[in-house]
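Undergrad: Dropping in input_22.tsv, which is TSV, C-alpha atoms:
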```
chain	number	residue	atom	x	y	z
A	94	MET	CA	125.11	142.92	233.33
A	95	PRO	CA	127.66	145.32	231.76
A	96	LEU	CA	131.23	144.10	231.40
A	97	GLN	CA	133.85	145.33	233.83
A	98	PRO	CA	136.69	147.47	232.34
A	99	ASP	CA	139.27	144.74	232.89
A	100	GLN	CA	137.01	142.19	231.25
A	101	ARG	CA	136.60	144.46	228.21
A	102	ARG	CA	140.37	144.91	228.01
A	103	GLN	CA	140.89	141.15	228.14
A	104	LEU	CA	138.30	140.61	225.42
A	105	GLY	CA	140.06	143.11	223.14
A	106	ALA	CA	143.46	141.59	223.83
A	107	PHE	CA	142.18	138.08	223.16
A	108	LEU	CA	140.68	139.14	219.83
A	109	ARG	CA	143.93	140.88	218.82
A	110	SER	CA	146.00	137.82	219.68
A	111	ARG	CA	143.81	135.55	217.55
A	112	ARG	CA	143.68	138.03	214.67
A	113	ALA	CA	147.49	138.23	214.67
A	114	ARG	CA	147.93	134.51	214.11
A	115	LEU	CA	145.97	134.42	210.82
A	116	THR	CA	147.30	135.40	207.42
A	117	PRO	CA	145.30	136.63	204.41
A	118	ASP	CA	146.29	133.50	202.50
A	119	GLU	CA	144.77	131.27	205.17
A	120	VAL	CA	141.37	132.95	204.91
A	121	GLY	CA	141.32	133.48	201.14
A	122	LEU	CA	142.13	137.20	201.04
A	123	PRO	CA	144.71	138.82	198.75
A	124	GLN	CA	148.09	139.57	200.29
A	125	THR	CA	148.84	143.30	200.33
A	126	ALA	CA	152.32	144.54	199.56
A	127	ARG	CA	153.24	145.77	203.03
A	128	ARG	CA	152.01	145.19	206.57
A	129	ARG	CA	153.12	146.90	209.75
A	130	THR	CA	151.93	144.09	212.03
A	131	PRO	CA	151.50	140.33	211.60
A	132	GLY	CA	148.17	138.74	210.85
A	133	LEU	CA	144.94	140.16	209.54
A	134	CYS	CA	144.13	143.82	209.89
A	135	ARG	CA	140.92	144.85	211.67
A	136	GLU	CA	139.17	145.73	208.44
A	137	GLU	CA	139.88	142.30	206.97
A	138	LEU	CA	138.54	140.49	210.02
A	139	ALA	CA	135.44	142.70	210.11
A	140	LEU	CA	134.84	141.90	206.45
A	141	LEU	CA	135.12	138.16	207.09
A	142	ALA	CA	132.76	138.37	210.06
A	143	GLY	CA	130.26	140.60	208.25
A	144	ILE	CA	130.36	143.42	210.79
A	145	SER	CA	131.32	147.09	210.75
A	146	ALA	CA	135.07	147.74	210.90
A	147	THR	CA	134.47	150.72	213.18
A	148	TRP	CA	132.32	148.67	215.55
A	149	TYR	CA	134.91	145.89	215.64
A	150	THR	CA	137.65	148.43	216.39
A	151	TYR	CA	135.62	149.68	219.35
A	152	LEU	CA	135.31	146.08	220.57
A	153	GLU	CA	139.08	145.56	220.45
A	154	GLN	CA	139.65	148.90	222.16
A	155	GLY	CA	137.52	147.87	225.13
A	156	ARG	CA	134.78	150.42	224.54
A	157	GLU	CA	131.47	150.03	226.39
A	158	ILE	CA	129.71	147.98	223.75
A	159	ARG	CA	128.29	144.46	223.97
A	160	ALA	CA	128.60	141.80	221.29
A	161	SER	CA	125.58	139.63	220.56
A	162	GLU	CA	125.67	135.85	220.29
A	163	GLN	CA	125.44	136.18	216.50
A	164	VAL	CA	128.42	138.52	216.34
A	165	LEU	CA	130.48	136.26	218.61
A	166	THR	CA	129.66	133.26	216.42
A	167	ALA	CA	130.69	135.19	213.30
A	168	LEU	CA	133.95	136.31	214.91
A	169	ALA	CA	134.70	132.78	216.12
A	170	GLU	CA	134.19	131.44	212.62
A	171	ALA	CA	136.33	134.16	211.03
A	172	LEU	CA	139.10	133.67	213.61
A	173	ARG	CA	138.91	129.86	213.30
A	174	LEU	CA	138.63	129.37	217.03
A	175	ASP	CA	138.46	125.87	218.46
A	176	ARG	CA	135.68	124.95	220.89
A	177	HIS	CA	137.72	125.89	223.97
A	178	GLU	CA	138.63	129.28	222.52
A	179	ARG	CA	134.97	129.84	221.57
A	180	ALA	CA	133.91	129.13	225.14
A	181	HIS	CA	136.58	131.53	226.40
A	182	LEU	CA	135.38	134.23	223.97
A	183	ARG	CA	131.80	133.86	225.21
A	184	GLN	CA	132.99	134.04	228.81
A	185	LEU	CA	134.95	137.25	228.23
A	186	ALA	CA	132.05	138.78	226.31
A	187	GLY	CA	129.62	138.15	229.16
A	188	HIS	CA	127.61	135.38	227.51
A	189	ALA	CA	128.44	132.71	230.08
A	190	PRO	CA	127.70	132.92	233.80
A	191	ALA	CA	130.63	133.83	236.01
A	192	ASP	CA	131.22	131.86	239.18
A	193	GLU	CA	130.83	133.59	242.50
A	194	PRO	CA	134.06	134.77	244.14
A	195	GLY	CA	135.25	132.96	247.23
A	196	GLU	CA	138.21	133.16	249.53
A	197	ARG	CA	138.78	129.41	249.43
A	198	ASP	CA	136.99	126.39	248.02
A	199	PRO	CA	135.32	124.44	250.83
A	200	LEU	CA	136.62	120.87	251.08
A	201	THR	CA	134.80	118.26	253.10
A	202	PRO	CA	136.81	115.98	255.40
A	203	GLU	CA	135.59	112.99	253.40
A	204	ALA	CA	136.96	114.42	250.17
A	205	ALA	CA	140.20	115.53	251.83
A	206	ALA	CA	140.87	111.93	252.86
A	207	VAL	CA	140.68	110.54	249.32
A	208	PRO	CA	144.35	111.19	248.32
A	209	LEU	CA	145.48	109.20	251.37
A	210	LEU	CA	143.42	106.25	250.18
A	211	LEU	CA	145.28	106.33	246.85
A	212	GLN	CA	148.75	106.01	248.38
A	213	PRO	CA	151.30	104.94	247.04
A	214	ASN	CA	150.09	106.66	243.84
A	215	PRO	CA	150.75	110.43	243.99
A	216	ALA	CA	147.42	112.23	244.36
A	217	TYR	CA	146.18	115.67	245.37
A	218	ILE	CA	143.08	117.84	245.23
A	219	ILE	CA	143.33	121.35	243.82
A	220	GLY	CA	140.90	124.24	243.82
A	221	GLY	CA	139.96	126.36	240.84
A	222	ASN	CA	143.03	128.59	241.27
A	223	TYR	CA	145.36	125.57	241.72
A	224	ASP	CA	145.66	125.87	245.49
A	225	VAL	CA	146.52	122.42	246.85
A	226	LEU	CA	143.65	121.54	249.19
A	227	SER	CA	144.73	118.00	250.08
A	228	HIS	CA	147.56	115.63	249.13
A	229	ASN	CA	149.18	112.34	250.09
A	230	PRO	CA	152.81	111.56	251.01
A	231	ALA	CA	153.57	110.22	247.52
A	232	ALA	CA	152.63	113.61	246.01
A	233	ALA	CA	154.77	115.43	248.56
A	234	ALA	CA	157.73	113.20	247.62
A	235	LEU	CA	157.22	113.62	243.86
A	236	PHE	CA	156.82	117.42	244.06
A	237	PRO	CA	159.33	118.59	246.70
A	238	ARG	CA	158.63	121.96	248.35
A	239	LEU	CA	155.11	122.04	246.91
A	240	THR	CA	153.40	121.55	250.24
A	241	ASP	CA	156.21	122.43	252.66
A	242	ASN	CA	156.96	125.95	251.38
A	243	GLU	CA	158.16	128.46	253.95
A	244	THR	CA	155.68	131.21	253.09
A	245	LYS	CA	152.33	131.81	254.75
A	246	GLN	CA	150.57	131.36	251.42
A	247	PRO	CA	148.67	128.13	250.71
A	248	ALA	CA	150.48	125.59	248.56
A	249	ASN	CA	149.73	126.33	244.91
A	250	PHE	CA	150.72	124.19	241.94
A	251	LEU	CA	151.19	127.10	239.53
A	252	ARG	CA	153.33	129.01	241.99
A	253	TRP	CA	155.45	125.87	242.44
A	254	VAL	CA	155.92	125.30	238.70
A	255	PHE	CA	156.94	128.88	237.90
A	256	LEU	CA	158.61	130.15	241.06
A	257	GLU	CA	160.14	127.11	242.75
A	258	PRO	CA	163.54	126.32	241.14
A	259	VAL	CA	163.34	122.59	241.84
A	260	ALA	CA	160.26	122.35	239.59
A	261	ARG	CA	162.44	122.73	236.50
A	262	ASP	CA	164.34	119.61	237.52
A	263	ILE	CA	161.24	117.60	238.36
A	264	VAL	CA	159.19	118.52	235.27
A	265	VAL	CA	161.35	117.19	232.43
A	266	ASP	CA	159.43	118.98	229.65
A	267	TRP	CA	159.14	122.14	231.71
A	268	GLU	CA	158.37	124.74	229.03
A	269	PRO	CA	155.42	123.04	227.27
A	270	GLU	CA	154.03	121.85	230.60
A	271	ALA	CA	154.31	125.32	232.16
A	272	ARG	CA	152.74	127.00	229.12
A	273	ALA	CA	149.83	124.56	229.17
A	274	LEU	CA	149.30	125.09	232.88
A	275	LEU	CA	149.22	128.86	232.42
A	276	ALA	CA	146.69	128.45	229.60
A	277	ARG	CA	144.47	126.45	231.92
A	278	LEU	CA	144.76	129.17	234.55
A	279	ARG	CA	143.57	131.74	232.01
A	280	THR	CA	140.53	129.60	231.23
A	281	GLN	CA	139.73	129.34	234.93
A	282	ALA	CA	140.34	133.05	235.59
A	283	ALA	CA	137.85	134.05	232.89
A	284	ARG	CA	135.15	132.26	234.86
A	285	HIS	CA	136.02	134.27	237.99
A	286	PRO	CA	136.46	137.89	236.80
A	287	ALA	CA	135.69	139.29	240.27
A	288	ASP	CA	137.66	136.78	242.33
A	289	PRO	CA	140.80	138.39	243.85
A	290	ARG	CA	142.53	135.01	244.28
A	291	TYR	CA	143.09	134.81	240.53
A	292	THR	CA	144.20	138.42	240.21
A	293	ARG	CA	146.71	138.02	243.03
A	294	LEU	CA	148.11	134.79	241.60
A	295	ILE	CA	148.43	136.17	238.05
A	296	ASP	CA	150.11	139.33	239.34
A	297	GLU	CA	152.58	137.28	241.38
A	298	LEU	CA	153.46	134.99	238.48
A	299	THR	CA	153.89	137.77	235.92
A	300	ASP	CA	155.88	139.91	238.37
A	301	HIS	CA	158.39	137.20	239.28
A	302	SER	CA	158.55	134.89	236.24
A	303	PRO	CA	159.71	136.29	232.88
A	304	GLU	CA	158.23	133.25	231.12
A	305	ALA	CA	154.83	133.74	232.72
A	306	ARG	CA	154.95	137.45	231.86
A	307	THR	CA	155.64	136.69	228.19
A	308	TRP	CA	153.25	133.78	227.79
A	309	TRP	CA	150.37	135.42	229.63
A	310	HIS	CA	150.11	138.07	226.92
A	311	GLN	CA	149.85	135.40	224.22
A	312	TYR	CA	146.34	134.56	225.49
A	313	GLU	CA	146.48	130.79	225.18
A	314	VAL	CA	143.51	128.93	226.67
A	315	GLN	CA	143.09	125.27	227.57
A	316	PRO	CA	140.68	123.22	229.71
A	317	ARG	CA	141.73	120.91	232.49
A	318	HIS	CA	142.23	117.37	231.25
A	319	SER	CA	143.99	114.06	231.81
A	320	GLY	CA	147.26	113.24	230.07
A	321	HIS	CA	150.86	112.14	230.43
A	322	LYS	CA	153.88	113.68	232.15
A	323	HIS	CA	157.57	112.91	232.10
A	324	LEU	CA	158.78	113.64	235.64
A	325	ARG	CA	162.10	113.16	237.39
A	326	HIS	CA	161.35	111.57	240.76
A	327	PRO	CA	163.80	112.90	243.40
A	328	GLN	CA	164.66	109.36	244.55
A	329	ARG	CA	163.96	107.19	241.51
A	330	GLY	CA	164.92	109.36	238.55
A	331	PRO	CA	162.91	109.83	235.32
A	332	VAL	CA	159.46	108.21	235.35
A	333	GLU	CA	156.66	108.37	232.79
A	334	TYR	CA	153.28	108.99	234.42
A	335	ALA	CA	149.72	108.91	233.20
A	336	TYR	CA	147.57	111.30	235.19
A	337	THR	CA	143.80	111.47	235.45
A	338	ALA	CA	141.71	114.40	236.64
A	339	PHE	CA	138.34	113.91	238.36
A	340	HIS	CA	135.96	116.74	239.27
A	341	LEU	CA	134.39	116.33	242.68
A	342	ALA	CA	130.62	115.94	242.71
A	343	GLU	CA	128.81	119.27	243.27
A	344	GLN	CA	132.18	121.06	243.48
A	345	ARG	CA	133.28	121.51	239.88
A	346	GLU	CA	136.13	123.81	240.90
A	347	GLN	CA	137.75	121.03	242.92
A	348	THR	CA	139.77	118.47	240.98
A	349	LEU	CA	141.31	115.22	242.18
A	350	VAL	CA	144.50	114.45	240.22
A	351	VAL	CA	145.99	110.95	240.39
A	352	TYR	CA	149.34	109.86	238.89
A	353	VAL	CA	150.02	106.26	237.85
A	354	GLU	CA	153.29	105.05	236.38
A	355	GLU	CA	152.89	104.25	232.68
A	356	ALA	CA	154.47	100.80	233.10
A	357	MET	CA	152.04	99.94	235.89
A	358	ALA	CA	149.07	101.27	233.92
A	359	ARG	CA	149.98	99.04	230.95
A	360	GLN	CA	150.30	95.99	233.22
A	361	ASP	CA	146.88	96.60	234.73
A	362	ALA	CA	145.20	97.19	231.36
A	363	PRO	CA	142.83	94.38	230.26
```
Reformat the file's structure so that it appears as structure tokens.
TA:
Amino acid sequence: MPLQPDQRRQLGAFLRSRRARLTPDEVGLPQTARRRTPGLCREELALLAGISATWYTYLEQGREIRASEQVLTALAEALRLDRHERAHLRQLAGHAPADEPGERDPLTPEAAAVPLLLQPNPAYIIGGNYDVLSHNPAAAALFPRLTDNETKQPANFLRWVFLEPVARDIVVDWEPEARALLARLRTQAARHPADPRYTRLIDELTDHSPEARTWWHQYEVQPRHSGHKHLRHPQRGPVEYAYTAFHLAEQREQTLVVYVEEAMARQDAP
């Protein structure tokens, strides 16, 4: 299936962003006296990947050409992409199946009840585009105005982080957390190139958040994962949390996220 114009543009932009972060010294090429832009030039990258400079230029420009698996592997090696960036490159280049678009992820009543069973630990279920599909009272208390927003739009964790002012008080390390969340959205969006939910959300974030507008064009990618967060609970003050993400069986776009206080997690550890 041929790539859509927007998908070709994203592929070219992603390649440019990764080319710009490398220097000739890093890849064993001589440093020229003067450069107009940072990073490797197109000819240098084409040389490293063993492909035609003209053909690579067409690829960055979003022309109607298709890169083979061999070419993508060579470019990934030359650009020193990690495994998540390689997967993203293959997705943009049309070498990974895209998920079908949908207006909203279906959530069974049985799954929707799970966060309530995890009370008093904050827990919620999100869809692929970070819409909050289910949550418990502890999550509502930890993330004020996440689920009781006054708009007709569904609660959305990304919209809350970037557009709800209280989020910058709750999320202590707001900038790195927000950047990482946006990178995970990009990874998800690449799997849904025809899904308008992602386009609408990205447009809203980049229209109303200067940080999202700047960071989106840096083309960072990241998978969903478990980790740690430093949050400021509205009633209890700063708390260190460990959070774990579980994908629901047969619904890989739905993720159950559970927060446990670090102190409690250490007490319960064997």
Undergrad: Report, in Å with one decimal, the straight-line distance from atom CA of A:Ala204 to atom CA of A:Ala338.
TA: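 These two atoms are separated by 14.3 Å.
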Undergrad: Just the residues within 9 Å of A:Leu278, please, counting only C-alpha atoms, with nothing from its chain fewer than 6 positions along; format it as a VMD selection string.
TA: chain A and resid 221 to 223 251 291 295 314 to 316
Undergrad: Hey, could you pull the box centre and edge lengths for stretch 106-111 of chain A, axis-aligned, 6 Å padding per side, all listed atoms, to one decimal in Å, as AutoDock Vina command-line options?
TA:
```
--center_x 143.3 --center_y 138.6 --center_z 220.7 --size_x 17.3 --size_y 18.0 --size_z 18.3
```
Undergrad: Considering only C-alpha atoms, state which residue in the set A:Asp262, A:Glu153, A:Glu313, A:His285 is at the smallest distance from A:Gly330.
TA: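 For A:Gly330, the nearest of the candidates is A:Asp262.
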Undergrad: Give me the residues within 12 Å of stretch 229-239 of chain A as a ChimeraX atom specification, counting only C-alpha atoms and dropping any in the same chain fewer than 3 places off.
TA: /A:205-218,223-226,242-244,246-264,323-332,334,349-353
Undergrad: By how many Å are atom CA of A:Thr307 and atom CA of A:Arg176 apart?
TA: 24.3 Å
Undergrad: Leaving out A:Leu141 and any residue of its chain fewer than 5 positions from it, which residues lie within 10 Å of it when counting all atoms listed in the file, given as a PDB file with C-alpha atoms, keeping the file's coordinate frame?
TA:
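Result file out.pdb:
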```pdb
ATOM      1  CA  VAL A 120     141.370 132.950 204.910  1.00  0.00           C
ATOM      2  CA  GLY A 121     141.320 133.480 201.140  1.00  0.00           C
ATOM      3  CA  LEU A 122     142.130 137.200 201.040  1.00  0.00           C
ATOM      4  CA  ARG A 135     140.920 144.850 211.670  1.00  0.00           C
ATOM      5  CA  GLU A 136     139.170 145.730 208.440  1.00  0.00           C
ATOM      6  CA  ALA A 167     130.690 135.190 213.300  1.00  0.00           C
ATOM      7  CA  LEU A 168     133.950 136.310 214.910  1.00  0.00           C
ATOM      8  CA  GLU A 170     134.190 131.440 212.620  1.00  0.00           C
ATOM      9  CA  ALA A 171     136.330 134.160 211.030  1.00  0.00           C
ATOM     10  CA  LEU A 172     139.100 133.670 213.610  1.00  0.00           C
TER      11      LEU A 172
END
```
Undergrad: For A:Leu115, which of A:Thr130, A:Thr166, A:Thr280, A:Ser161 is the closest residue, counting only C-alpha atoms?
TA: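 Of the candidates, the smallest distance to A:Leu115 is held by A:Thr130.
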Undergrad: Have a look at A:Arg279, A:Arg345, A:Glu203, A:Ile219 and name the one nearest to A:His177; count all atoms listed in the file.
TA: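 Counting all atoms listed in the file, the residue closest to A:His177 is A:Arg279.
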Undergrad: Smallest atom-to-atom distance to A:Ser319: which of A:Pro98, A:Leu294, A:Glu304, A:Ala335, using only C-alpha atoms?
TA: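 Ranked by minimum distance to A:Ser319, first place goes to A:Ala335.
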Undergrad: Would you kindly return, as a list of chain:residue names, each protein, DNA or RNA residue with an atom no farther than 10 Å from any atom of A:Leu185, considering all atoms listed in the file and excluding same-chain residues fewer than 5 positions away?
TA: A:Leu96, A:Gln97, A:Asp99, A:Gln100, A:Arg101, A:Arg102, A:Gln103, A:Leu104, A:Gly105, A:Phe107, A:Arg179, A:Ala180, A:Ala191, A:Thr280, A:Ala283, A:Arg284, A:Pro286
Undergrad: When you draw a straight line from atom CA of A:Thr337 to atom CA of A:Glu354, how long is it in Å?
TA: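 Answer for the atom CA of A:Thr337 to atom CA of A:Glu354 separation: 11.5 Å.
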Undergrad: Kindly indicate which residue among A:His228, A:Val164, A:Gly320, A:Ala146 lies nearest to A:Asp241, using all atoms listed in the file for the distances.
TA: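 The answer is A:His228, which sits nearest to A:Asp241.
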Undergrad: Pick out the closest residue to A:His310 from this set: A:Thr116, A:Ile158, A:His340, A:Arg272. Count all atoms listed in the file.
TA: A:Arg272
Undergrad: For a cutoff of 12 Å around the file-coordinate point (125.0, 146.8, 224.6), which residues qualify once you count all atoms listed in the file? I'd like the result as a ChimeraX atom specification.
TA: /A:94-96,148,152,156-162,186-187
